[in-house]
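Q: Below is the file run_8.txt, with compact mmCIF, C-alpha atoms and all ligand atoms.
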```
# COMPACT_ATOMS: atom_id res chain seq x y z
CA MET A 1 -0.06 54.02 -14.52
CA GLY A 2 -2.57 53.99 -17.40
CA THR A 3 -5.77 51.95 -17.39
CA LYS A 4 -4.31 49.58 -19.96
CA SER A 5 -1.24 48.70 -17.94
CA LEU A 6 -3.34 48.40 -14.81
CA CYS A 7 -5.63 45.90 -16.57
CA LEU A 8 -2.56 44.02 -17.81
CA LEU A 9 -1.13 43.92 -14.33
CA ILE A 10 -4.40 42.64 -12.88
CA ALA A 11 -4.65 40.00 -15.62
CA PHE A 12 -1.07 38.94 -14.94
CA VAL A 13 -1.71 38.63 -11.22
CA LEU A 14 -4.86 36.56 -11.83
CA VAL A 15 -3.08 34.19 -14.21
CA ALA A 16 -0.11 33.89 -11.88
CA HIS A 17 -2.46 33.23 -9.00
CA TYR A 18 -4.20 30.50 -11.00
CA ILE A 19 -0.97 28.84 -12.04
CA TYR A 20 0.63 29.10 -8.63
CA THR A 21 0.23 25.98 -6.53
CA PRO A 22 2.32 25.30 -3.49
CA ILE A 23 4.72 22.59 -4.63
CA PRO A 24 6.43 20.62 -1.85
CA GLU A 25 9.88 22.03 -1.01
CA ASN A 26 11.86 18.96 -1.94
CA ILE A 27 10.54 18.58 -5.50
CA GLU A 28 12.87 19.62 -8.31
CA GLU A 29 11.85 21.58 -11.44
CA ARG A 30 9.13 23.32 -9.44
CA TRP A 31 8.02 25.70 -12.17
CA LYS A 32 7.59 22.93 -14.68
CA LEU A 33 5.50 20.97 -12.23
CA MET A 34 3.47 24.06 -11.42
CA LEU A 35 2.59 24.45 -15.09
CA ILE A 36 1.75 20.75 -15.41
CA SER A 37 -0.39 20.97 -12.32
CA ALA A 38 -2.22 24.07 -13.65
CA GLY A 39 -2.87 22.17 -16.89
CA PHE A 40 -4.40 19.25 -15.02
CA ARG A 41 -6.48 21.57 -12.84
CA THR A 42 -7.79 23.34 -15.93
CA VAL A 43 -8.86 20.03 -17.44
CA GLY A 44 -10.60 19.22 -14.16
CA HIS A 45 -12.42 22.56 -14.17
CA VAL A 46 -13.53 22.15 -17.77
CA ALA A 47 -14.84 18.67 -16.96
CA GLU A 48 -16.66 19.95 -13.90
CA ILE A 49 -18.34 22.79 -15.80
CA ALA A 50 -19.31 20.54 -18.72
CA GLU A 51 -20.83 18.08 -16.27
CA ARG A 52 -22.72 20.73 -14.27
CA LEU A 53 -24.16 22.15 -17.47
CA GLY A 54 -25.27 18.67 -18.46
CA PHE A 55 -23.15 18.45 -21.63
CA MET A 56 -21.06 15.47 -20.74
CA HIS A 57 -20.09 13.14 -17.94
CA TYR A 58 -16.98 14.32 -16.06
CA MET A 59 -14.94 11.28 -17.08
CA GLU A 60 -16.00 11.59 -20.73
CA VAL A 61 -14.46 15.05 -20.81
CA LEU A 62 -11.24 13.71 -19.28
CA MET A 63 -11.26 10.87 -21.76
CA MET A 64 -11.76 13.21 -24.70
CA ILE A 65 -8.91 15.44 -23.63
CA THR A 66 -6.50 12.63 -22.76
CA SER A 67 -7.25 10.81 -26.01
CA MET A 68 -5.52 13.69 -27.83
CA GLU A 69 -2.32 12.10 -26.55
CA TYR A 70 -3.05 8.97 -28.57
CA THR A 71 -0.04 7.57 -30.36
CA ALA A 72 -0.42 5.06 -33.16
CA PRO A 73 1.68 1.91 -32.85
CA THR A 74 5.07 2.87 -34.31
CA SER A 75 7.73 0.26 -35.00
CA ASP A 76 11.40 1.09 -35.42
CA GLU A 77 14.62 -0.76 -36.25
CA ASN A 78 14.67 -2.43 -32.83
CA ILE A 79 11.08 -3.12 -32.01
CA THR A 80 7.86 -4.12 -33.72
CA VAL A 81 4.76 -2.56 -32.25
CA ALA A 82 1.28 -3.84 -33.06
CA ASP A 83 -2.26 -3.38 -31.80
CA ILE A 84 -3.87 -6.80 -31.60
CA GLU A 85 -6.40 -8.64 -29.46
CA PHE A 86 -6.05 -11.40 -26.91
CA ASN A 87 -9.42 -13.08 -26.60
CA SER A 88 -11.18 -9.94 -27.92
CA VAL A 89 -9.43 -7.58 -25.47
CA PRO A 90 -7.16 -5.05 -27.19
CA VAL A 91 -3.49 -5.10 -26.31
CA ARG A 92 -0.47 -3.29 -27.67
CA LEU A 93 2.35 -5.67 -28.29
CA TYR A 94 6.03 -4.63 -28.31
CA VAL A 95 8.31 -7.32 -29.69
CA PRO A 96 12.09 -6.90 -30.05
CA ARG A 97 13.32 -7.47 -33.61
CA LYS A 98 16.70 -8.90 -32.75
CA GLN A 99 16.76 -12.61 -33.44
CA SER A 100 17.92 -14.61 -30.47
CA ASN A 101 18.25 -18.23 -29.48
CA VAL A 102 17.28 -17.62 -25.89
CA LEU A 103 13.68 -17.31 -24.82
CA LYS A 104 12.45 -13.78 -24.11
CA ARG A 105 11.33 -12.23 -20.84
CA ALA A 106 7.90 -10.61 -20.84
CA VAL A 107 6.25 -7.73 -19.00
CA ILE A 108 2.49 -7.48 -18.97
CA TYR A 109 1.81 -3.83 -18.25
CA ILE A 110 -1.58 -2.44 -17.25
CA HIS A 111 -2.08 1.26 -17.73
CA GLY A 112 -3.28 3.73 -15.11
CA GLY A 113 -6.00 6.36 -15.40
CA GLY A 114 -8.43 5.54 -12.62
CA TRP A 115 -10.19 2.72 -14.58
CA CYS A 116 -11.72 5.63 -16.54
CA VAL A 117 -9.08 7.13 -18.82
CA GLY A 118 -5.69 6.34 -20.30
CA GLY A 119 -4.25 3.59 -22.44
CA SER A 120 -3.46 5.86 -25.34
CA GLY A 121 -0.16 4.23 -26.11
CA GLU A 122 2.60 4.33 -23.55
CA LYS A 123 5.62 2.13 -24.23
CA GLN A 124 5.48 -1.23 -22.55
CA ASP A 125 6.14 -4.78 -23.59
CA ILE A 126 2.53 -5.82 -23.58
CA LEU A 127 0.05 -3.16 -22.73
CA ALA A 128 -3.37 -4.43 -21.79
CA LEU A 129 -6.17 -2.05 -22.71
CA TYR A 130 -9.40 -2.64 -20.86
CA ARG A 131 -12.91 -1.24 -21.16
CA LEU A 132 -13.34 1.94 -19.16
CA ALA A 133 -15.80 3.64 -16.79
CA PRO A 134 -18.25 5.38 -16.91
CA LYS A 135 -19.48 3.17 -19.72
CA TYR A 136 -18.28 0.02 -17.98
CA HIS A 137 -17.99 -0.69 -14.28
CA PHE A 138 -16.30 -3.24 -12.06
CA PRO A 139 -15.76 -6.14 -12.65
CA VAL A 140 -15.48 -5.47 -16.40
CA GLN A 141 -12.05 -3.77 -16.18
CA TYR A 142 -10.74 -6.48 -13.89
CA GLU A 143 -12.12 -9.25 -16.07
CA ASP A 144 -10.68 -7.75 -19.26
CA VAL A 145 -7.23 -7.71 -17.71
CA TYR A 146 -7.64 -11.18 -16.26
CA THR A 147 -8.64 -12.46 -19.70
CA VAL A 148 -5.53 -10.96 -21.31
CA VAL A 149 -3.17 -12.37 -18.70
CA LYS A 150 -4.76 -15.79 -18.77
CA TYR A 151 -4.62 -15.88 -22.54
CA PHE A 152 -0.97 -14.88 -22.60
CA LEU A 153 0.07 -17.43 -19.97
CA GLN A 154 -1.06 -20.38 -22.08
CA ASN A 155 1.86 -22.57 -23.12
CA ASN A 156 1.12 -22.38 -26.84
CA VAL A 157 0.89 -18.56 -26.74
CA LEU A 158 4.15 -18.23 -24.82
CA GLU A 159 5.74 -20.56 -27.33
CA GLN A 160 4.38 -18.55 -30.24
CA TYR A 161 6.08 -15.41 -28.89
CA GLY A 162 9.22 -17.20 -27.75
CA VAL A 163 8.66 -16.29 -24.09
CA ASP A 164 10.25 -18.09 -21.17
CA PRO A 165 7.33 -19.22 -18.93
CA THR A 166 9.50 -18.75 -15.82
CA ARG A 167 10.34 -15.11 -16.57
CA ILE A 168 7.06 -13.19 -16.74
CA CYS A 169 6.27 -9.98 -14.88
CA ILE A 170 2.95 -8.29 -14.22
CA SER A 171 3.10 -4.58 -13.67
CA GLY A 172 1.02 -1.42 -13.70
CA ASP A 173 0.77 2.10 -12.35
CA SER A 174 -2.00 3.59 -10.21
CA ALA A 175 -5.28 1.91 -11.27
CA GLY A 176 -3.11 -0.38 -13.40
CA GLY A 177 -1.20 -1.31 -10.24
CA ASN A 178 -4.54 -2.12 -8.64
CA LEU A 179 -5.46 -4.43 -11.51
CA ALA A 180 -1.99 -6.01 -11.58
CA ALA A 181 -2.12 -6.74 -7.83
CA SER A 182 -5.60 -8.23 -7.93
CA VAL A 183 -4.94 -10.34 -11.03
CA ALA A 184 -1.71 -11.65 -9.45
CA GLN A 185 -3.73 -12.71 -6.37
CA GLN A 186 -6.57 -14.33 -8.27
CA LEU A 187 -4.23 -16.27 -10.58
CA LEU A 188 -2.98 -18.18 -7.53
CA ASP A 189 -6.28 -20.10 -7.39
CA ASP A 190 -6.67 -20.66 -11.10
CA LEU A 191 -5.86 -24.30 -11.74
CA GLU A 192 -6.02 -23.92 -15.51
CA ILE A 193 -2.88 -21.80 -15.54
CA LYS A 194 0.47 -23.59 -15.44
CA ALA A 195 2.90 -20.70 -15.95
CA GLN A 196 3.54 -18.60 -12.86
CA LEU A 197 4.45 -14.95 -12.55
CA LYS A 198 8.06 -14.41 -11.55
CA ILE A 199 7.57 -10.91 -10.19
CA GLN A 200 4.97 -8.21 -9.73
CA VAL A 201 5.82 -4.51 -9.96
CA LEU A 202 3.30 -2.06 -8.53
CA LEU A 203 3.87 1.63 -9.18
CA TYR A 204 1.94 3.87 -6.78
CA PRO A 205 -1.00 1.43 -6.79
CA ALA A 206 -4.54 2.02 -5.48
CA LEU A 207 -5.30 -0.95 -3.24
CA GLN A 208 -8.33 -0.31 -1.06
CA THR A 209 -11.56 1.66 -0.76
CA LEU A 210 -12.29 0.93 2.86
CA ASP A 211 -10.52 3.89 4.43
CA LEU A 212 -10.30 7.01 2.28
CA ASP A 213 -9.07 9.13 5.15
CA LEU A 214 -5.60 7.65 5.61
CA PRO A 215 -2.78 9.99 6.64
CA SER A 216 -1.69 10.13 2.98
CA TYR A 217 -5.18 11.23 1.90
CA ARG A 218 -5.11 13.95 4.55
CA ASP A 219 -1.56 15.13 3.85
CA ASN A 220 -1.85 15.13 0.08
CA ALA A 221 -5.47 16.10 -0.59
CA ASP A 222 -4.38 18.98 -2.84
CA LYS A 223 -1.06 17.84 -4.23
CA PRO A 224 -0.37 17.57 -7.96
CA ILE A 225 -1.73 15.83 -10.04
CA LEU A 226 -4.17 13.58 -8.23
CA PRO A 227 -6.20 15.50 -5.63
CA LYS A 228 -8.23 13.49 -3.15
CA SER A 229 -11.49 14.56 -4.79
CA LEU A 230 -10.41 13.06 -8.12
CA MET A 231 -9.19 9.81 -6.57
CA VAL A 232 -12.48 9.42 -4.71
CA ARG A 233 -14.32 10.10 -7.95
CA PHE A 234 -12.24 7.46 -9.77
CA TRP A 235 -13.01 4.93 -7.05
CA SER A 236 -16.73 5.60 -7.06
CA GLU A 237 -16.93 5.61 -10.87
CA TYR A 238 -15.25 2.22 -10.92
CA PHE A 239 -18.43 0.85 -9.30
CA THR A 240 -21.20 3.18 -10.37
CA THR A 241 -22.07 6.61 -11.75
CA ASP A 242 -24.52 6.99 -8.85
CA ILE A 243 -23.19 10.13 -7.19
CA SER A 244 -24.41 9.07 -3.75
CA LEU A 245 -21.53 6.59 -3.54
CA ASN A 246 -19.12 9.37 -4.42
CA GLU A 247 -20.53 11.58 -1.70
CA ALA A 248 -20.41 8.83 0.92
CA MET A 249 -16.81 7.98 -0.04
CA ALA A 250 -15.80 11.64 0.12
CA SER A 251 -16.92 11.77 3.75
CA ASN A 252 -15.53 8.27 4.39
CA ARG A 253 -18.91 6.95 5.56
CA HIS A 254 -19.55 4.40 2.84
CA ILE A 255 -18.82 1.35 5.03
CA SER A 256 -21.32 -0.06 7.50
CA GLU A 257 -20.77 -1.89 10.74
CA ASP A 258 -21.59 -5.17 8.93
CA SER A 259 -18.15 -4.88 7.32
CA SER A 260 -16.23 -3.82 10.41
CA HIS A 261 -14.27 -7.11 10.34
CA LEU A 262 -12.47 -5.92 7.18
CA PHE A 263 -10.85 -2.91 8.83
CA LYS A 264 -8.08 -5.04 10.28
CA PHE A 265 -6.69 -5.38 6.75
CA VAL A 266 -6.25 -1.63 6.37
CA ASN A 267 -5.65 -0.57 9.96
CA TRP A 268 -3.01 2.11 9.44
CA SER A 269 -2.36 2.31 13.15
CA ASN A 270 -0.68 -1.12 12.88
CA LEU A 271 0.37 -1.19 9.25
CA LEU A 272 2.16 2.13 8.75
CA PRO A 273 5.70 2.71 10.01
CA GLU A 274 5.97 5.63 12.47
CA LYS A 275 7.21 8.20 9.97
CA PHE A 276 4.03 7.95 7.88
CA LYS A 277 1.79 8.35 10.93
CA GLU A 278 3.49 11.49 12.18
CA GLY A 279 1.00 14.21 13.11
CA HIS A 280 -2.01 11.89 12.87
CA VAL A 281 -4.09 10.25 15.56
CA TYR A 282 -5.85 6.99 14.76
CA ALA A 283 -9.58 6.89 15.44
CA ASN A 284 -11.82 3.90 14.91
CA PRO A 285 -13.98 4.02 11.76
CA VAL A 286 -17.24 5.96 11.60
CA TYR A 287 -19.84 3.65 10.09
CA GLY A 288 -22.56 4.57 7.63
CA SER A 289 -25.64 2.72 6.46
CA SER A 290 -25.31 -0.63 4.70
CA LYS A 291 -27.41 0.50 1.75
CA LEU A 292 -24.48 1.34 -0.52
CA GLU A 293 -22.47 -1.81 0.09
CA LYS A 294 -25.55 -3.91 -0.62
CA LYS A 295 -26.18 -2.02 -3.84
CA TYR A 296 -22.54 -1.86 -5.01
CA PRO A 297 -20.80 -4.80 -3.34
CA GLY A 298 -17.83 -4.30 -5.69
CA PHE A 299 -16.05 -1.87 -3.43
CA LEU A 300 -15.64 -4.57 -0.78
CA ASP A 301 -14.56 -7.18 -3.31
CA PRO A 302 -10.86 -8.09 -3.03
CA ARG A 303 -10.67 -8.12 -6.82
CA ALA A 304 -11.22 -4.35 -6.57
CA ALA A 305 -9.40 -3.87 -3.27
CA PRO A 306 -6.46 -6.31 -3.07
CA LEU A 307 -5.63 -5.26 0.49
CA LEU A 308 -8.80 -7.04 1.62
CA VAL A 309 -7.48 -10.60 1.25
CA ASP A 310 -6.15 -12.54 4.22
CA ASN A 311 -2.52 -13.47 4.82
CA VAL A 312 -2.96 -17.03 3.59
CA LYS A 313 -3.81 -15.69 0.15
CA LEU A 314 -0.89 -13.27 0.15
CA GLN A 315 1.59 -16.05 0.94
CA GLY A 316 1.63 -17.39 -2.60
CA LEU A 317 2.61 -14.10 -4.24
CA PRO A 318 5.90 -13.71 -6.11
CA LEU A 319 8.78 -11.29 -5.45
CA THR A 320 7.21 -7.83 -5.38
CA TYR A 321 8.48 -4.32 -6.07
CA VAL A 322 6.35 -1.48 -4.75
CA LEU A 323 7.03 2.14 -5.62
CA THR A 324 5.42 4.75 -3.38
CA CYS A 325 5.66 8.54 -3.57
CA GLN A 326 5.70 10.78 -0.52
CA HIS A 327 3.33 13.40 -2.00
CA ASP A 328 0.57 11.02 -3.08
CA VAL A 329 -2.89 10.25 -1.66
CA LEU A 330 -2.24 6.59 -2.52
CA ARG A 331 1.08 6.46 -0.66
CA ASP A 332 -0.33 4.60 2.36
CA ASP A 333 -2.12 2.01 0.23
CA GLY A 334 1.28 0.97 -1.12
CA VAL A 335 3.03 1.19 2.26
CA MET A 336 0.34 -0.91 3.96
CA TYR A 337 0.55 -3.54 1.22
CA VAL A 338 4.31 -3.75 1.79
CA SER A 339 3.65 -4.39 5.52
CA ARG A 340 0.96 -6.98 4.80
CA LEU A 341 3.11 -8.81 2.22
CA ARG A 342 6.11 -8.89 4.57
CA GLU A 343 3.93 -10.22 7.39
CA ALA A 344 2.85 -12.99 5.04
CA GLY A 345 6.48 -13.81 4.25
CA VAL A 346 6.54 -12.47 0.69
CA GLN A 347 9.82 -10.96 -0.47
CA VAL A 348 9.23 -7.24 -1.09
CA ILE A 349 11.41 -4.42 -2.35
CA HIS A 350 9.90 -1.14 -1.21
CA ASP A 351 11.12 1.92 -3.06
CA HIS A 352 9.75 4.99 -1.33
CA VAL A 353 10.67 8.22 -3.09
CA GLU A 354 10.61 11.32 -0.88
CA ASP A 355 10.57 13.91 -3.66
CA ALA A 356 7.94 12.32 -5.90
CA PHE A 357 4.23 12.81 -6.55
CA HIS A 358 1.53 10.55 -7.97
CA GLY A 359 1.80 9.73 -11.65
CA ALA A 360 5.33 11.13 -12.02
CA ILE A 361 6.52 8.45 -14.46
CA MET A 362 4.01 9.73 -16.99
CA PHE A 363 6.21 12.77 -17.66
CA ILE A 364 8.98 10.84 -19.31
CA THR A 365 7.96 12.08 -22.76
CA GLY A 366 5.83 14.81 -24.18
CA PRO A 367 5.83 18.58 -24.12
CA VAL A 368 7.07 18.73 -20.53
CA ASP A 369 9.33 15.97 -19.36
CA LEU A 370 10.65 15.81 -15.83
CA LEU A 371 14.02 14.63 -14.53
CA LEU A 372 12.08 12.87 -11.78
CA ALA A 373 10.23 10.76 -14.35
CA HIS A 374 13.48 9.63 -15.93
CA ARG A 375 14.95 8.83 -12.53
CA LEU A 376 11.95 6.70 -11.48
CA ALA A 377 11.69 4.93 -14.83
CA ASN A 378 15.41 4.12 -14.87
CA LYS A 379 15.22 2.64 -11.38
CA TYR A 380 12.23 0.54 -12.35
CA ILE A 381 13.82 -0.74 -15.54
CA GLU A 382 17.15 -1.47 -13.86
CA TRP A 383 15.33 -3.46 -11.20
CA LEU A 384 13.40 -5.37 -13.87
CA ASN A 385 16.57 -6.11 -15.75
CA VAL A 386 18.21 -7.68 -12.70
CA ASN A 387 15.18 -9.49 -11.30
CA LEU A 388 13.18 -10.71 -14.28
C1 LIG B 401 18.14 0.73 -31.56
O1 LIG B 401 19.10 0.12 -30.70
C2 LIG B 401 20.41 0.69 -30.78
C3 LIG B 401 21.34 -0.16 -29.93
O2 LIG B 401 20.85 -0.29 -28.62
C4 LIG B 401 20.35 2.14 -30.35
O3 LIG B 401 21.60 2.74 -30.43
C5 LIG B 401 19.34 2.90 -31.22
O4 LIG B 401 19.19 4.22 -30.77
C6 LIG B 401 17.99 2.19 -31.21
N1 LIG B 401 17.06 2.85 -32.13
C7 LIG B 401 15.94 3.47 -31.73
C8 LIG B 401 15.10 4.07 -32.80
O5 LIG B 401 15.59 3.55 -30.56
C1 LIG B 402 -6.54 -0.70 14.80
O1 LIG B 402 -5.37 -0.92 15.55
C2 LIG B 402 -5.34 -0.25 16.80
C3 LIG B 402 -3.97 -0.45 17.41
O2 LIG B 402 -3.61 -1.80 17.47
C4 LIG B 402 -6.49 -0.79 17.66
O3 LIG B 402 -6.50 -0.11 18.89
C5 LIG B 402 -7.81 -0.54 16.91
O4 LIG B 402 -8.89 -1.10 17.65
C6 LIG B 402 -7.78 -1.18 15.54
N1 LIG B 402 -8.99 -0.81 14.84
C7 LIG B 402 -9.66 -1.64 14.04
C8 LIG B 402 -10.91 -1.12 13.44
O5 LIG B 402 -9.29 -2.78 13.79
```
Using structure tokens, write down the structure from this file.
A:
Amino acid sequence: MGTKSLCLLIAFVLVAHYIYTPIPENIEERWKLMLISAGFRTVGHVAEIAERLGFMHYMEVLMMITSMEYTAPTSDENITVADIEFNSVPVRLYVPRKQSNVLKRAVIYIHGGGWCVGGSGEKQDILALYRLAPKYHFPVQYEDVYTVVKYFLQNNVLEQYGVDPTRICISGDSAGGNLAASVAQQLLDDLEIKAQLKIQVLLYPALQTLDLDLPSYRDNADKPILPKSLMVRFWSEYFTTDISLNEAMASNRHISEDSSHLFKFVNWSNLLPEKFKEGHVYANPVYGSSKLEKKYPGFLDPRAAPLLVDNVKLQGLPLTYVLTCQHDVLRDDGVMYVSRLREAGVQVIHDHVEDAFHGAIMFITGPVDLLLAHRLANKYIEWLNVNL
């Protein structure tokens, strides 16, 4: 073997080694997902290097790269798409062209991306775009979304768009599911709003910061495309760019004994069905100092962590659909919310998908689309069609 072919072989092995990630056995189109996963890891590495060298904040690199996916609003023969503002918050509005005598149903969709990235133009009925971290922190993102929803639910606005006030859905994926869940809760106490949500649809939502060492965080710390380290970074960036919060969250010692009373809301020993606990032993929390929660009280605020409200508050929530994925750090957030909602008497449809990973619906379009994404999206839309 010549030097050249040896070098080629070595290069090939290195590239293959880089691309190769163990993909769970039950996931289809493994090679496609491996490539997707390598792409995401590369973006993560670039962001990490740029940040270490002091060029750019980690999230700014992610934002720059993901903004290349931006799609301008594009109308077609069936639908008019427009970028407008509701009370100064940008939204993308999708309105069907077909004239009809019956009032329309509406979906308010809040995009994912860890409160830091995203919102570059997925297809939803109304897509709320909120201001992002690291430039903005909680509660700005929450308040932007709340503003949009509140604006839209006014009678004169619903009338203007021909929307039936009894057939409105709030929905979102990942961080968008977090915002959807918290806005749905907070609306219950807002006396200025007459229209009520008919349903909420939460797709692999993030719902709590209290315990970042749940079985799903342990089992899926390195699964595509949301490793534990990135989810912890998203959470900490939602509240501050101060890296000490990130470090405390990574070791799950960001909560002090002063807040021990909140752990009952996220006690996975009680709230997870047996199959999700398999192989894990529950231990009581290890407390840290109270410095961080005094400085950044946001991470204990139910508007950031909707699992932290009591059952009385949950009781008023509408019919709920929760999608969880087996290979997802956020799996147990969703599963625990299902348990809490059922305990409170809320009607819940829980769709747990064994062969899915976090963010899968994203791959419904684009250079690599996945059968899984189409399957999940079809289920979601069929459910909406029947229940909204
Ligand atoms: C418009 O709707 C019709 C009927 O549902 C469909 O066949 C057609 O493909 C749609 N056009 C586009 C651009 O999606
Ligand atoms: C969680 O639940 C288990 C089982 O009921 C209980 O033993 C434990 O004390 C609880 N921990 C907290 C922090 O509430």
Q: Using only C-alpha atoms, can you tell me which of A:Ile23, A:Leu179, A:Leu308, A:Thr71 comes closest to Pro139 (chain A)?
A: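 Checking each candidate against Pro139 (chain A), we get A:Leu179 as the closest.
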Q: Given the choices A:Leu230, A:Leu292, A:Leu127, A:Ala304, which gets closest to Gln141 (chain A) if the distance is worked out from all atoms listed in the file?
A: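 Using all atoms listed in the file, Gln141 (chain A) sits closest to A:Ala304.
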Q: Pick from A:Ser339, A:Thr324, A:Asn101, A:Ser269: nearest to ligand LIG 402 (chain B), with all atoms listed in the file counted?
A: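 Of all the options, A:Ser269 lies closest to ligand LIG 402 (chain B).
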Q: Rank A:Leu9, A:Ile79, A:Val15, A:Leu370 by their smallest atom-to-atom distance to ligand LIG 401 (chain B), using all atoms listed in the file, and report the top residue only.
A: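 So, comparing all the options, the nearest one is A:Ile79.
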Q: Go through the chains and note each residue within 9 Å of ligand LIG 401 (chain B), using only C-alpha atoms and all ligand atoms, then give the set as a PDB file with C-alpha atoms, in the frame of the given file.
A:
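Written output follows (result.pdb):
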```pdb
ATOM      1  CA  SER A  75       7.730   0.260 -35.000  1.00  0.00           C
ATOM      2  CA  ASP A  76      11.400   1.090 -35.420  1.00  0.00           C
ATOM      3  CA  GLU A  77      14.620  -0.760 -36.250  1.00  0.00           C
ATOM      4  CA  ASN A  78      14.670  -2.430 -32.830  1.00  0.00           C
ATOM      5  CA  ILE A  79      11.080  -3.120 -32.010  1.00  0.00           C
TER       6      ILE A  79
END
```
Q: Using all atoms listed in the file, determine which residues lie at most 9 Å from region 146-161 of chain A, disregarding the query and same-chain residues fewer than 4 positions distant; provide the list as a list in words.
A: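 My list of contacting residues is Glu85, Phe86, Asn87, Ser88, Val89, Pro90, Val91, Val95, Leu103, Lys104, Ile108, Ala128, Gln141, Tyr142, Pro165, Ile168, Ile170, Leu179, Ala180, Val183, Gln186, Leu187, Glu192, Ile193, Lys194, Ala195, Gln196 and Leu197 of chain A.
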Q: Between A:Asn220, A:Gln99, A:Gly162, A:Asn252, which residue has the minimum interatomic distance to Pro22 (chain A), considering all atoms listed in the file?
A: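 Checking each of A:Asn220, A:Gln99, A:Gly162, A:Asn252 against Pro22 (chain A), counting all atoms listed in the file, the winner is A:Asn220.
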Q: Counting all atoms listed in the file, which residues sit no farther than 12 Å from the position (-3.6, -15.3, 4.4) in the file's frame? I'd like them as a list in words.
A: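 Here the neighbourhood of the point contains Gln185, Phe265, Leu307, Leu308, Val309, Asp310, Asn311, Val312, Lys313, Leu314, Gln315, Gly316, Leu317, Arg340, Leu341, Arg342, Glu343, Ala344, Gly345 and Val346 of chain A.
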Q: For each of A:Gly114, A:Gly298, A:Pro285, A:Pro96, take the minimum atom-to-atom distance to Arg233 (chain A), counting only C-alpha atoms, then give the residue where this is smallest.
A: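 Ranked by minimum distance to Arg233 (chain A), first place goes to A:Gly114.
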Q: Write out as JSON lines a residue-level contact list of chain A versus ligand LIG 402 (chain B) with cut-off 9 Å: for each qualifying residue the closest pair of atoms and the distance in Å to one decimal, counting all atoms listed in the file, rows sorted by chain and residue number upward.
A:
```
{"residue": "A:Ser260", "atom": "CA", "partner": "B:LIG402", "partner_atom": "C8", "distance": 6.7}
{"residue": "A:His261", "atom": "CA", "partner": "B:LIG402", "partner_atom": "O5", "distance": 7.4}
{"residue": "A:Leu262", "atom": "CA", "partner": "B:LIG402", "partner_atom": "O5", "distance": 8.0}
{"residue": "A:Phe263", "atom": "CA", "partner": "B:LIG402", "partner_atom": "C8", "distance": 4.9}
{"residue": "A:Lys264", "atom": "CA", "partner": "B:LIG402", "partner_atom": "O5", "distance": 4.3}
{"residue": "A:Phe265", "atom": "CA", "partner": "B:LIG402", "partner_atom": "O5", "distance": 7.9}
{"residue": "A:Val266", "atom": "CA", "partner": "B:LIG402", "partner_atom": "O5", "distance": 8.1}
{"residue": "A:Asn267", "atom": "CA", "partner": "B:LIG402", "partner_atom": "C1", "distance": 4.9}
{"residue": "A:Trp268", "atom": "CA", "partner": "B:LIG402", "partner_atom": "C1", "distance": 7.0}
{"residue": "A:Ser269", "atom": "CA", "partner": "B:LIG402", "partner_atom": "O1", "distance": 5.0}
{"residue": "A:Asn270", "atom": "CA", "partner": "B:LIG402", "partner_atom": "O1", "distance": 5.4}
{"residue": "A:Leu271", "atom": "CA", "partner": "B:LIG402", "partner_atom": "O1", "distance": 8.5}
{"residue": "A:Tyr282", "atom": "CA", "partner": "B:LIG402", "partner_atom": "C2", "distance": 7.5}
{"residue": "A:Ala283", "atom": "CA", "partner": "B:LIG402", "partner_atom": "N1", "distance": 7.7}
{"residue": "A:Asn284", "atom": "CA", "partner": "B:LIG402", "partner_atom": "C8", "distance": 5.3}
{"residue": "A:Pro285", "atom": "CA", "partner": "B:LIG402", "partner_atom": "C8", "distance": 6.2}
```
